[in-house]
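Visitor: Please find my_file20.tsv (TSV, N, CA and C atoms) on the next line:
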```tsv
chain	number	residue	atom	x	y	z
P	1	MET	N	0.85	-1.17	0.00
P	1	MET	CA	0.00	0.00	0.00
P	1	MET	C	0.90	1.23	0.00
P	2	SER	N	0.73	2.10	-0.97
P	2	SER	CA	1.56	3.30	-1.02
P	2	SER	C	0.99	4.36	-0.09
P	3	LYS	N	1.87	5.21	0.41
P	3	LYS	CA	1.45	6.26	1.31
P	3	LYS	C	0.99	7.46	0.50
P	4	PHE	N	-0.09	8.09	0.91
P	4	PHE	CA	-0.63	9.25	0.22
P	4	PHE	C	-0.01	10.51	0.82
P	5	TYR	N	0.71	11.27	0.01
P	5	TYR	CA	1.43	12.43	0.52
P	5	TYR	C	0.66	13.73	0.35
P	6	GLY	N	-0.43	13.74	-0.36
P	6	GLY	CA	-1.22	14.95	-0.46
P	6	GLY	C	-1.34	15.47	-1.88
P	7	PHE	N	-1.78	16.68	-1.98
P	7	PHE	CA	-2.07	17.29	-3.26
P	7	PHE	C	-1.00	18.30	-3.69
P	8	ARG	N	0.24	18.14	-3.27
P	8	ARG	CA	1.34	19.04	-3.59
P	8	ARG	C	1.17	20.39	-2.90
P	9	PHE	N	2.01	21.36	-3.28
P	9	PHE	CA	2.01	22.67	-2.62
P	9	PHE	C	1.76	23.77	-3.63
P	10	CYS	N	1.28	24.89	-3.14
P	10	CYS	CA	1.04	26.08	-3.97
P	10	CYS	C	2.40	26.64	-4.41
P	11	VAL	N	2.51	27.07	-5.67
P	11	VAL	CA	3.79	27.59	-6.17
P	11	VAL	C	4.10	28.98	-5.62
P	12	ASN	N	3.09	29.73	-5.16
P	12	ASN	CA	3.33	31.07	-4.63
P	12	ASN	C	3.61	31.07	-3.13
P	13	CYS	N	2.67	30.54	-2.35
P	13	CYS	CA	2.79	30.63	-0.89
P	13	CYS	C	3.27	29.33	-0.26
P	14	GLU	N	3.37	28.25	-1.04
P	14	GLU	CA	3.86	26.95	-0.59
P	14	GLU	C	3.05	26.35	0.56
P	15	VAL	N	1.75	26.64	0.57
P	15	VAL	CA	0.84	26.01	1.51
P	15	VAL	C	0.42	24.68	0.92
P	16	ALA	N	0.28	23.66	1.76
P	16	ALA	CA	-0.16	22.35	1.27
P	16	ALA	C	-1.59	22.47	0.75
P	17	CYS	N	-1.81	22.06	-0.48
P	17	CYS	CA	-3.14	22.11	-1.08
P	17	CYS	C	-3.96	20.93	-0.60
P	18	THR	N	-5.20	21.19	-0.25
P	18	THR	CA	-6.10	20.13	0.17
P	18	THR	C	-7.21	19.98	-0.87
P	19	SER	N	-8.00	18.98	-0.72
P	19	SER	CA	-9.05	18.70	-1.70
P	19	SER	C	-9.98	19.89	-1.86
P	20	GLY	N	-10.12	20.36	-3.10
P	20	GLY	CA	-11.02	21.47	-3.40
P	20	GLY	C	-10.44	22.84	-3.16
P	21	ASN	N	-9.20	22.95	-2.71
P	21	ASN	CA	-8.60	24.25	-2.42
P	21	ASN	C	-7.44	24.58	-3.33
P	22	PHE	N	-7.49	24.13	-4.59
P	22	PHE	CA	-6.40	24.44	-5.50
P	22	PHE	C	-6.90	24.51	-6.93
P	23	VAL	N	-6.08	25.15	-7.78
P	23	VAL	CA	-6.34	25.26	-9.21
P	23	VAL	C	-5.05	24.90	-9.93
P	24	ASP	N	-5.14	24.03	-10.93
P	24	ASP	CA	-3.99	23.71	-11.78
P	24	ASP	C	-4.07	24.54	-13.05
P	25	TYR	N	-2.98	25.25	-13.36
P	25	TYR	CA	-2.95	26.08	-14.56
P	25	TYR	C	-1.53	26.05	-15.12
P	26	ASN	N	-1.40	25.67	-16.39
P	26	ASN	CA	-0.09	25.56	-17.05
P	26	ASN	C	0.89	24.71	-16.25
P	27	LYS	N	0.42	23.56	-15.78
P	27	LYS	CA	1.24	22.60	-15.03
P	27	LYS	C	1.77	23.14	-13.71
P	28	LYS	N	1.13	24.17	-13.18
P	28	LYS	CA	1.48	24.72	-11.87
P	28	LYS	C	0.25	24.68	-11.00
P	29	ARG	N	0.45	24.46	-9.71
P	29	ARG	CA	-0.66	24.37	-8.77
P	29	ARG	C	-0.69	25.62	-7.90
P	30	TYR	N	-1.87	26.23	-7.84
P	30	TYR	CA	-2.10	27.43	-7.03
P	30	TYR	C	-3.19	27.15	-6.01
P	31	CYS	N	-3.04	27.65	-4.79
P	31	CYS	CA	-4.15	27.58	-3.84
P	31	CYS	C	-5.19	28.61	-4.31
P	32	THR	N	-6.43	28.44	-3.87
P	32	THR	CA	-7.47	29.33	-4.38
P	32	THR	C	-7.23	30.79	-4.00
P	33	ALA	N	-6.63	31.04	-2.84
P	33	ALA	CA	-6.37	32.42	-2.44
P	33	ALA	C	-5.35	33.07	-3.37
P	34	CYS	N	-4.27	32.36	-3.72
P	34	CYS	CA	-3.27	32.92	-4.63
P	34	CYS	C	-3.85	33.09	-6.03
P	35	TRP	N	-4.68	32.14	-6.46
P	35	TRP	CA	-5.30	32.25	-7.78
P	35	TRP	C	-6.21	33.48	-7.86
P	36	ILE	N	-7.05	33.69	-6.85
P	36	ILE	CA	-7.93	34.85	-6.85
P	36	ILE	C	-7.13	36.13	-6.73
P	37	GLN	N	-6.06	36.11	-5.95
P	37	GLN	CA	-5.22	37.30	-5.82
P	37	GLN	C	-4.56	37.65	-7.16
P	38	ASN	N	-4.15	36.65	-7.93
P	38	ASN	CA	-3.55	36.91	-9.24
P	38	ASN	C	-4.58	37.42	-10.23
P	39	GLN	N	-5.79	36.88	-10.18
P	39	GLN	CA	-6.84	37.25	-11.14
P	39	GLN	C	-7.59	38.52	-10.74
P	40	ASN	N	-7.78	38.73	-9.45
P	40	ASN	CA	-8.54	39.87	-8.95
P	40	ASN	C	-7.90	40.39	-7.68
P	41	PRO	N	-6.85	41.22	-7.80
P	41	PRO	CA	-6.12	41.67	-6.60
P	41	PRO	C	-6.94	42.53	-5.64
P	42	ASP	N	-8.07	43.07	-6.10
P	42	ASP	CA	-8.89	43.93	-5.24
P	42	ASP	C	-9.99	43.17	-4.51
P	43	HIS	N	-9.97	41.86	-4.54
P	43	HIS	CA	-11.02	41.07	-3.89
P	43	HIS	C	-10.98	41.33	-2.39
P	44	PRO	N	-12.13	41.62	-1.77
P	44	PRO	CA	-12.12	42.02	-0.35
P	44	PRO	C	-11.89	40.88	0.64
P	45	GLU	N	-12.04	39.63	0.24
P	45	GLU	CA	-11.96	38.53	1.20
P	45	GLU	C	-10.74	37.64	1.00
P	46	ILE	N	-9.67	38.16	0.44
P	46	ILE	CA	-8.48	37.34	0.19
P	46	ILE	C	-7.84	36.88	1.50
P	47	ASP	N	-7.76	37.77	2.48
P	47	ASP	CA	-7.14	37.40	3.76
P	47	ASP	C	-7.91	36.30	4.47
P	48	GLU	N	-9.25	36.38	4.46
P	48	GLU	CA	-10.06	35.35	5.10
P	48	GLU	C	-9.89	34.01	4.39
P	49	MET	N	-9.83	34.04	3.05
P	49	MET	CA	-9.63	32.80	2.29
P	49	MET	C	-8.28	32.18	2.60
P	50	ARG	N	-7.25	33.01	2.68
P	50	ARG	CA	-5.91	32.50	2.96
P	50	ARG	C	-5.85	31.86	4.35
P	51	LYS	N	-6.48	32.49	5.34
P	51	LYS	CA	-6.52	31.93	6.69
P	51	LYS	C	-7.27	30.60	6.71
P	52	LYS	N	-8.38	30.52	5.97
P	52	LYS	CA	-9.16	29.28	5.91
P	52	LYS	C	-8.36	28.17	5.25
P	53	ILE	N	-7.64	28.48	4.19
P	53	ILE	CA	-6.85	27.46	3.49
P	53	ILE	C	-5.72	26.95	4.38
P	54	ILE	N	-5.06	27.84	5.09
P	54	ILE	CA	-3.98	27.43	6.00
P	54	ILE	C	-4.54	26.58	7.13
P	55	LYS	N	-5.71	26.97	7.67
P	55	LYS	CA	-6.35	26.19	8.74
P	55	LYS	C	-6.75	24.81	8.23
P	56	ASP	N	-7.32	24.76	7.03
P	56	ASP	CA	-7.71	23.47	6.46
P	56	ASP	C	-6.51	22.57	6.23
P	57	ALA	N	-5.40	23.16	5.77
P	57	ALA	CA	-4.19	22.36	5.53
P	57	ALA	C	-3.64	21.80	6.84
P	58	GLU	N	-3.62	22.59	7.90
P	58	GLU	CA	-3.13	22.11	9.19
P	58	GLU	C	-4.05	21.02	9.74
P	59	GLU	N	-5.36	21.20	9.60
P	59	GLU	CA	-6.30	20.19	10.07
P	59	GLU	C	-6.15	18.90	9.26
P	60	TRP	N	-5.96	19.03	7.95
P	60	TRP	CA	-5.81	17.86	7.10
P	60	TRP	C	-4.55	17.08	7.45
P	61	LYS	N	-3.47	17.77	7.79
P	61	LYS	CA	-2.24	17.09	8.18
P	61	LYS	C	-2.44	16.29	9.45
P	62	CYS	N	-3.29	16.77	10.35
P	62	CYS	CA	-3.54	16.06	11.60
P	62	CYS	C	-4.42	14.84	11.38
P	63	ILE	N	-5.26	14.86	10.35
P	63	ILE	CA	-6.19	13.77	10.11
P	63	ILE	C	-5.51	12.59	9.43
P	64	LYS	N	-4.45	12.84	8.68
P	64	LYS	CA	-3.79	11.77	7.93
P	64	LYS	C	-3.38	10.62	8.85
P	65	TRP	N	-3.43	9.43	8.33
P	65	TRP	CA	-3.08	8.24	9.09
P	65	TRP	C	-1.74	7.72	8.63
P	66	SER	N	-0.87	7.36	9.53
P	66	SER	CA	0.46	6.88	9.15
P	66	SER	C	0.82	5.64	9.95
P	67	ARG	N	1.95	5.04	9.64
P	67	ARG	CA	2.41	3.84	10.35
P	67	ARG	C	2.63	4.11	11.84
P	68	GLU	N	3.05	5.31	12.18
P	68	GLU	CA	3.34	5.61	13.58
P	68	GLU	C	2.07	5.64	14.42
P	69	GLU	N	0.94	5.97	13.79
P	69	GLU	CA	-0.31	6.08	14.53
P	69	GLU	C	-0.97	4.73	14.77
P	70	GLY	N	-0.61	3.74	14.01
P	70	GLY	CA	-1.21	2.43	14.19
P	70	GLY	C	-0.73	1.49	13.11
P	71	PRO	N	-0.84	0.20	13.35
P	71	PRO	CA	-0.33	-0.76	12.37
P	71	PRO	C	-1.18	-0.79	11.10
P	72	LEU	N	-0.52	-1.03	9.99
P	72	LEU	CA	-1.25	-1.23	8.74
P	72	LEU	C	-1.89	-2.61	8.75
P	73	PRO	N	-2.98	-2.79	8.06
P	73	PRO	CA	-3.60	-4.10	8.05
P	73	PRO	C	-2.70	-5.13	7.38
P	74	ILE	N	-2.68	-6.34	7.92
P	74	ILE	CA	-1.83	-7.40	7.41
P	74	ILE	C	-2.43	-8.01	6.15
P	75	GLY	N	-3.70	-8.05	6.07
P	75	GLY	CA	-4.37	-8.62	4.91
P	75	GLY	C	-5.66	-9.28	5.35
P	76	PRO	N	-6.30	-10.00	4.45
P	76	PRO	CA	-7.54	-10.64	4.84
P	76	PRO	C	-7.28	-11.74	5.88
P	77	LYS	N	-8.19	-11.86	6.80
P	77	LYS	CA	-8.04	-12.87	7.86
P	77	LYS	C	-8.38	-14.24	7.29
P	78	SER	N	-7.73	-15.23	7.81
P	78	SER	CA	-7.96	-16.60	7.40
P	78	SER	C	-9.38	-17.02	7.77
P	79	HIS	N	-9.96	-17.88	6.96
P	79	HIS	CA	-11.30	-18.34	7.28
P	79	HIS	C	-11.27	-19.38	8.39
P	80	ARG	N	-10.09	-19.92	8.69
P	80	ARG	CA	-9.95	-20.86	9.81
P	80	ARG	C	-9.60	-20.09	11.07
P	81	ASN	N	-10.26	-20.43	12.14
P	81	ASN	CA	-9.97	-19.73	13.40
P	81	ASN	C	-9.18	-20.60	14.33
```
Write out the structure in this file as structure tokens.

Guide:
Amino acid sequence: MSKFYGFRFCVNCEVACTSGNFVDYNKKRYCTACWIQNQNPDHPEIDEMRKKIIKDAEEWKCIKWSREEGPLPIGPKSHRN
């Protein structure tokens, strides 16, 4: 079983992108806050979006499951007990 490392990082602010919080354009990944800032620098809610994206990324990192948190499954259990 391969380990899932995430959705890469934003090329501008280098925040870890989470599901639904990024845009791919010309083979580069942008978080939604950086994308909106590039397209519409006068948007009034850029700071709130950036805070939400950073909070979501930190929460997502805590939710991930790894070998240190518990053993990986060995496989299907034998039908004989």

Visitor: Using only C-alpha atoms, pick whichever of P:Phe7, P:Asn21, P:Cys13, P:Ala33 has the shortest atom-to-atom distance to Glu48 (chain P).

Guide: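 Among P:Phe7, P:Asn21, P:Cys13, P:Ala33, it is P:Ala33 that comes nearest to Glu48 (chain P).
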
Visitor: Kindly give the distance, in Å, that separates CA of Glu14 (chain P) and atom C of Asn26 (chain P), rounded to a single decimal.

Guide: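 Interatomic distance here is 16.1 Å.
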
Visitor: Within 6.5 Å of (-5.4, 20.5, 2.6) (file coordinates; only N, CA and C atoms), which protein or nucleic acid residues are there? I'd like them as a list in words.

Guide: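 Those residues lying close to the given coordinates are Ala16, Cys17, Thr18, Ser19, Asp56, Ala57, Glu58, Trp60 and Lys61 of chain P.
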
Visitor: Nearest residue to Tyr30 (chain P) out of P:Pro44, P:Arg50, P:Cys10, P:Val15, using all atoms listed in the file?

Guide: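 Smallest distance to Tyr30 (chain P) is found for P:Cys10.
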
Visitor: Go through P:Thr32, P:Glu59, P:Phe22, P:Lys27 and flag the residue nearest Asp47 (chain P), using only C-alpha atoms for the distances.

Guide: P:Thr32

Visitor: Do you have the CA of Val23 (chain P)-atom N of Val11 (chain P) distance handy?

Guide: 9.7 Å

Visitor: Residues of region 15-54 of chain P classed as strand (DSSP E or B) by DSSP on the backbone are to be reported as a list in words.

Guide: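 Taking region 15-54 of chain P and keeping strand (DSSP E or B) gives Ala16, Phe22, Val23, Asp24, Tyr25, Lys28, Arg29, Tyr30 and Cys31 of chain P.
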
Visitor: Could you write out that same residue set with N, CA and C atoms as a CSV table (one decimal), in the frame of the given file?

Guide:
```csv
chain,number,residue,atom,x,y,z
P,16,ALA,N,0.3,23.7,1.8
P,16,ALA,CA,-0.2,22.4,1.3
P,16,ALA,C,-1.6,22.5,0.8
P,22,PHE,N,-7.5,24.1,-4.6
P,22,PHE,CA,-6.4,24.4,-5.5
P,22,PHE,C,-6.9,24.5,-6.9
P,23,VAL,N,-6.1,25.2,-7.8
P,23,VAL,CA,-6.3,25.3,-9.2
P,23,VAL,C,-5.0,24.9,-9.9
P,24,ASP,N,-5.1,24.0,-10.9
P,24,ASP,CA,-4.0,23.7,-11.8
P,24,ASP,C,-4.1,24.5,-13.0
P,25,TYR,N,-3.0,25.2,-13.4
P,25,TYR,CA,-3.0,26.1,-14.6
P,25,TYR,C,-1.5,26.0,-15.1
P,28,LYS,N,1.1,24.2,-13.2
P,28,LYS,CA,1.5,24.7,-11.9
P,28,LYS,C,0.2,24.7,-11.0
P,29,ARG,N,0.4,24.5,-9.7
P,29,ARG,CA,-0.7,24.4,-8.8
P,29,ARG,C,-0.7,25.6,-7.9
P,30,TYR,N,-1.9,26.2,-7.8
P,30,TYR,CA,-2.1,27.4,-7.0
P,30,TYR,C,-3.2,27.2,-6.0
P,31,CYS,N,-3.0,27.6,-4.8
P,31,CYS,CA,-4.2,27.6,-3.8
P,31,CYS,C,-5.2,28.6,-4.3
```

Visitor: In Å, rounded to a single decimal, give me how far atom N of Ile53 (chain P) is from atom N of Gln37 (chain P).

Guide: 12.8 Å
